[in-house]
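Below is one structure; the comments refer to it alone.
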Amino acid sequence: MELNLLLRLLVAHLLTDFIFQPKSWVKDREEKQGKSIKLYLHVLVTTVFAYIFSGQYNNWVIPLVIFVSHLIIDYIKSKVNKDNFNYFIADQLAHLLVIVLLSVSFSWNCKAVLSFANDTFGNYKFWILVAGYLFVSWPLGIIIGKATQKWRDQITRESILNSAPTLPGIDISEPAENQSEEQPQPVAEVIKSGEEQELGLASAGKWIGICERVMILTFVLMGQYTAIGFLMTAKSILRFSEKEANTQLKTEYVLVGTLVSFATSAMIGVLMNLTLK
């Protein structure tokens, strides 16, 4: 791969896709799609920047590929017309793939690529790193979630009891089958609604956990143990500073989960270090 060319094209893409593309251009493209003049103007600016930054002024392949690929990718995105994270990432990955393929094409060496792949995939250290990061990302999070399920259920019940509306003659702690049929809002629905509110943060908590475990594992592999302390302190301060119902229960739950997450990730990192040496 021609690293210099890759970086040049990447800088050109970042400049034209994020800095030199006004929001009005994006809005016009979303509204008019293929009929948007701003779409073609943006693609033209991107092509010019890529050509200038590439330094390959006698090569017409780079500007041609950038122009055609960028136009197709942005046109498809305008047709989909969904401004969310997944589509944004897919769009950027498509642009990045084109840049990488262009860079690779200028220094393609089949023997070198095969040799690199063989050396990488045939090295047990590579698979130790892959297995370690995969384990702390998802499986470990599921294990910790199952181990702390009873405390999460307790927080949910307490939140429902504290936030549910007061219902005349109804004890929300009683099973739903014991409630009066005249109840306008069944307790079962109140409980379900409360559980859904609690579970609404599940995705955020999952990704926070994945990020922190990956960071802990990386810090341990790099020998940066002090950074782990700073990370734990920052999260502890954040949780204790919250002012809401059931603060003590939620803080204790988060700290237990954090300590288990940090401890297991750190131990896995230590074992990986011993194996990699």
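We label chains A, B, ... in the order they appear in the structure tokens, count residues from 1 in each chain, and number ligands from 1 in the order shown.
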Who sits within 10 Å of A:Met215, only C-alpha atoms, same chain under 3 positions skipped, as a short mmCIF file (atom, residue, chain, number, x, y, z; two decimals) with N, CA, C and O atoms, in the first residue's frame:
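Generated file (selection29.cif):
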```cif
data_model
loop_
_atom_site.label_atom_id
_atom_site.label_comp_id
_atom_site.auth_asym_id
_atom_site.auth_seq_id
_atom_site.Cartn_x
_atom_site.Cartn_y
_atom_site.Cartn_z
N TYR A 133 -9.53 -9.29 22.61
CA TYR A 133 -10.38 -8.12 22.38
C TYR A 133 -11.83 -8.52 22.10
O TYR A 133 -12.77 -7.85 22.54
N GLY A 209 -19.77 -0.03 28.42
CA GLY A 209 -19.03 -1.16 28.96
C GLY A 209 -18.00 -1.70 27.98
O GLY A 209 -16.86 -2.01 28.35
N ILE A 210 -18.39 -1.83 26.70
CA ILE A 210 -17.46 -2.32 25.69
C ILE A 210 -16.26 -1.39 25.57
O ILE A 210 -15.10 -1.84 25.56
N CYS A 211 -16.53 -0.08 25.52
CA CYS A 211 -15.44 0.89 25.39
C CYS A 211 -14.49 0.84 26.58
O CYS A 211 -13.27 0.85 26.42
N GLU A 212 -15.06 0.77 27.79
CA GLU A 212 -14.19 0.79 28.96
C GLU A 212 -13.37 -0.49 29.08
O GLU A 212 -12.19 -0.45 29.45
N THR A 218 -6.36 -2.48 26.66
CA THR A 218 -5.29 -1.79 25.93
C THR A 218 -4.28 -1.18 26.89
O THR A 218 -3.06 -1.27 26.67
N PHE A 219 -4.78 -0.56 27.97
CA PHE A 219 -3.88 0.04 28.95
C PHE A 219 -2.97 -1.02 29.58
O PHE A 219 -1.78 -0.79 29.79
N VAL A 220 -3.55 -2.18 29.90
CA VAL A 220 -2.76 -3.25 30.52
C VAL A 220 -1.71 -3.77 29.55
O VAL A 220 -0.54 -3.97 29.91
N LEU A 221 -2.11 -3.99 28.31
CA LEU A 221 -1.15 -4.48 27.31
C LEU A 221 -0.02 -3.49 27.06
O LEU A 221 1.10 -3.88 26.75
N ALA A 227 -3.34 4.99 33.95
CA ALA A 227 -4.51 5.44 33.19
C ALA A 227 -5.78 4.72 33.65
O ALA A 227 -6.87 5.28 33.61
N ILE A 228 -5.63 3.47 34.10
CA ILE A 228 -6.79 2.72 34.59
C ILE A 228 -7.36 3.40 35.83
O ILE A 228 -8.57 3.52 36.00
N LEU A 231 -9.33 6.45 34.86
CA LEU A 231 -10.61 6.07 34.27
C LEU A 231 -11.62 5.67 35.34
O LEU A 231 -12.79 6.08 35.30
N PHE A 262 -13.69 -3.94 35.15
CA PHE A 262 -12.29 -3.51 35.18
C PHE A 262 -11.38 -4.65 35.60
O PHE A 262 -10.32 -4.89 35.00
N SER A 265 -11.16 -7.48 32.93
CA SER A 265 -10.42 -7.02 31.76
C SER A 265 -8.93 -6.91 32.07
O SER A 265 -8.08 -7.27 31.24
N ALA A 266 -8.62 -6.42 33.28
CA ALA A 266 -7.22 -6.29 33.67
C ALA A 266 -6.56 -7.66 33.81
O ALA A 266 -5.41 -7.85 33.37
#
```
Margin query: At a cut-off of 7 Å, using only C-alpha atoms, what residues contact stretch 6-10 of chain A? Leave out same-chain residues fewer than 5 positions from it and give the result as a ChimeraX atom specification.
Written below: /A:50,53-54,99-100,103
Note to self: So that I can see what lies close to A:Phe230, please list as a PyMOL selection string the residues with an atom at most 12 Å from it, counting only C-alpha atoms and leaving out residues fewer than 4 positions away in the same chain.
What the structure shows: chain A and resi 212+215-216+219+224-226+234-237
Next item on the list: Mind listing the helix (DSSP H, G or I) residues of stretch 1-169 of chain A, per DSSP on the backbone, as number ranges by chain?
Entry: A: 3-19, 23-35, 37-54, 61-80, 85-105, 110-121, 124-137, 139-147, 149-163
Next item on the list: Point out the residue among A:Asn59, A:Asn123, A:Thr47, A:Ser261 with the least atom-to-atom distance to A:Ala147, counting only C-alpha atoms.
Entry: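 Closest candidate: A:Ser261.
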Note to self: Please compute the atom CA of A:Lys150-atom CA of A:Leu134 distance, one decimal, in Å.
What the structure shows: 25.8 Å
Notebook entry, point to check: With only C-alpha atoms as the atoms that count, which of A:Asn273, A:Gln33, A:Thr233, A:Asn118 lies nearest to A:Lys77?
Noted result: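 Once distances to A:Lys77 are computed over only C-alpha atoms, the minimum belongs to A:Gln33.
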Check: With only C-alpha atoms as the atoms that count, which of A:Val26, A:Ile73, A:Cys110, A:Leu15 lies nearest to A:Leu93?
Finding: A:Ile73
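What separates atom CA of A:Glu2 from atom CA of A:Val104 is a distance of 6.2 Å.
Candidate residues A:His95, A:Lys32, A:Lys79, A:Lys38 were compared for distance to A:Val65, and the nearest is A:His95, using only C-alpha atoms.
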Check: atom CA of A:Leu114 and atom CA of A:Phe135 are how many Å apart?
Finding: 28.1 Å
Margin query: Between A:Asn4, A:Gln56, A:Thr251, A:Ser78, which residue has the minimum interatomic distance to A:Lys27, considering only C-alpha atoms?
Written below: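 Under the stated criterion, the closest residue is A:Ser78.
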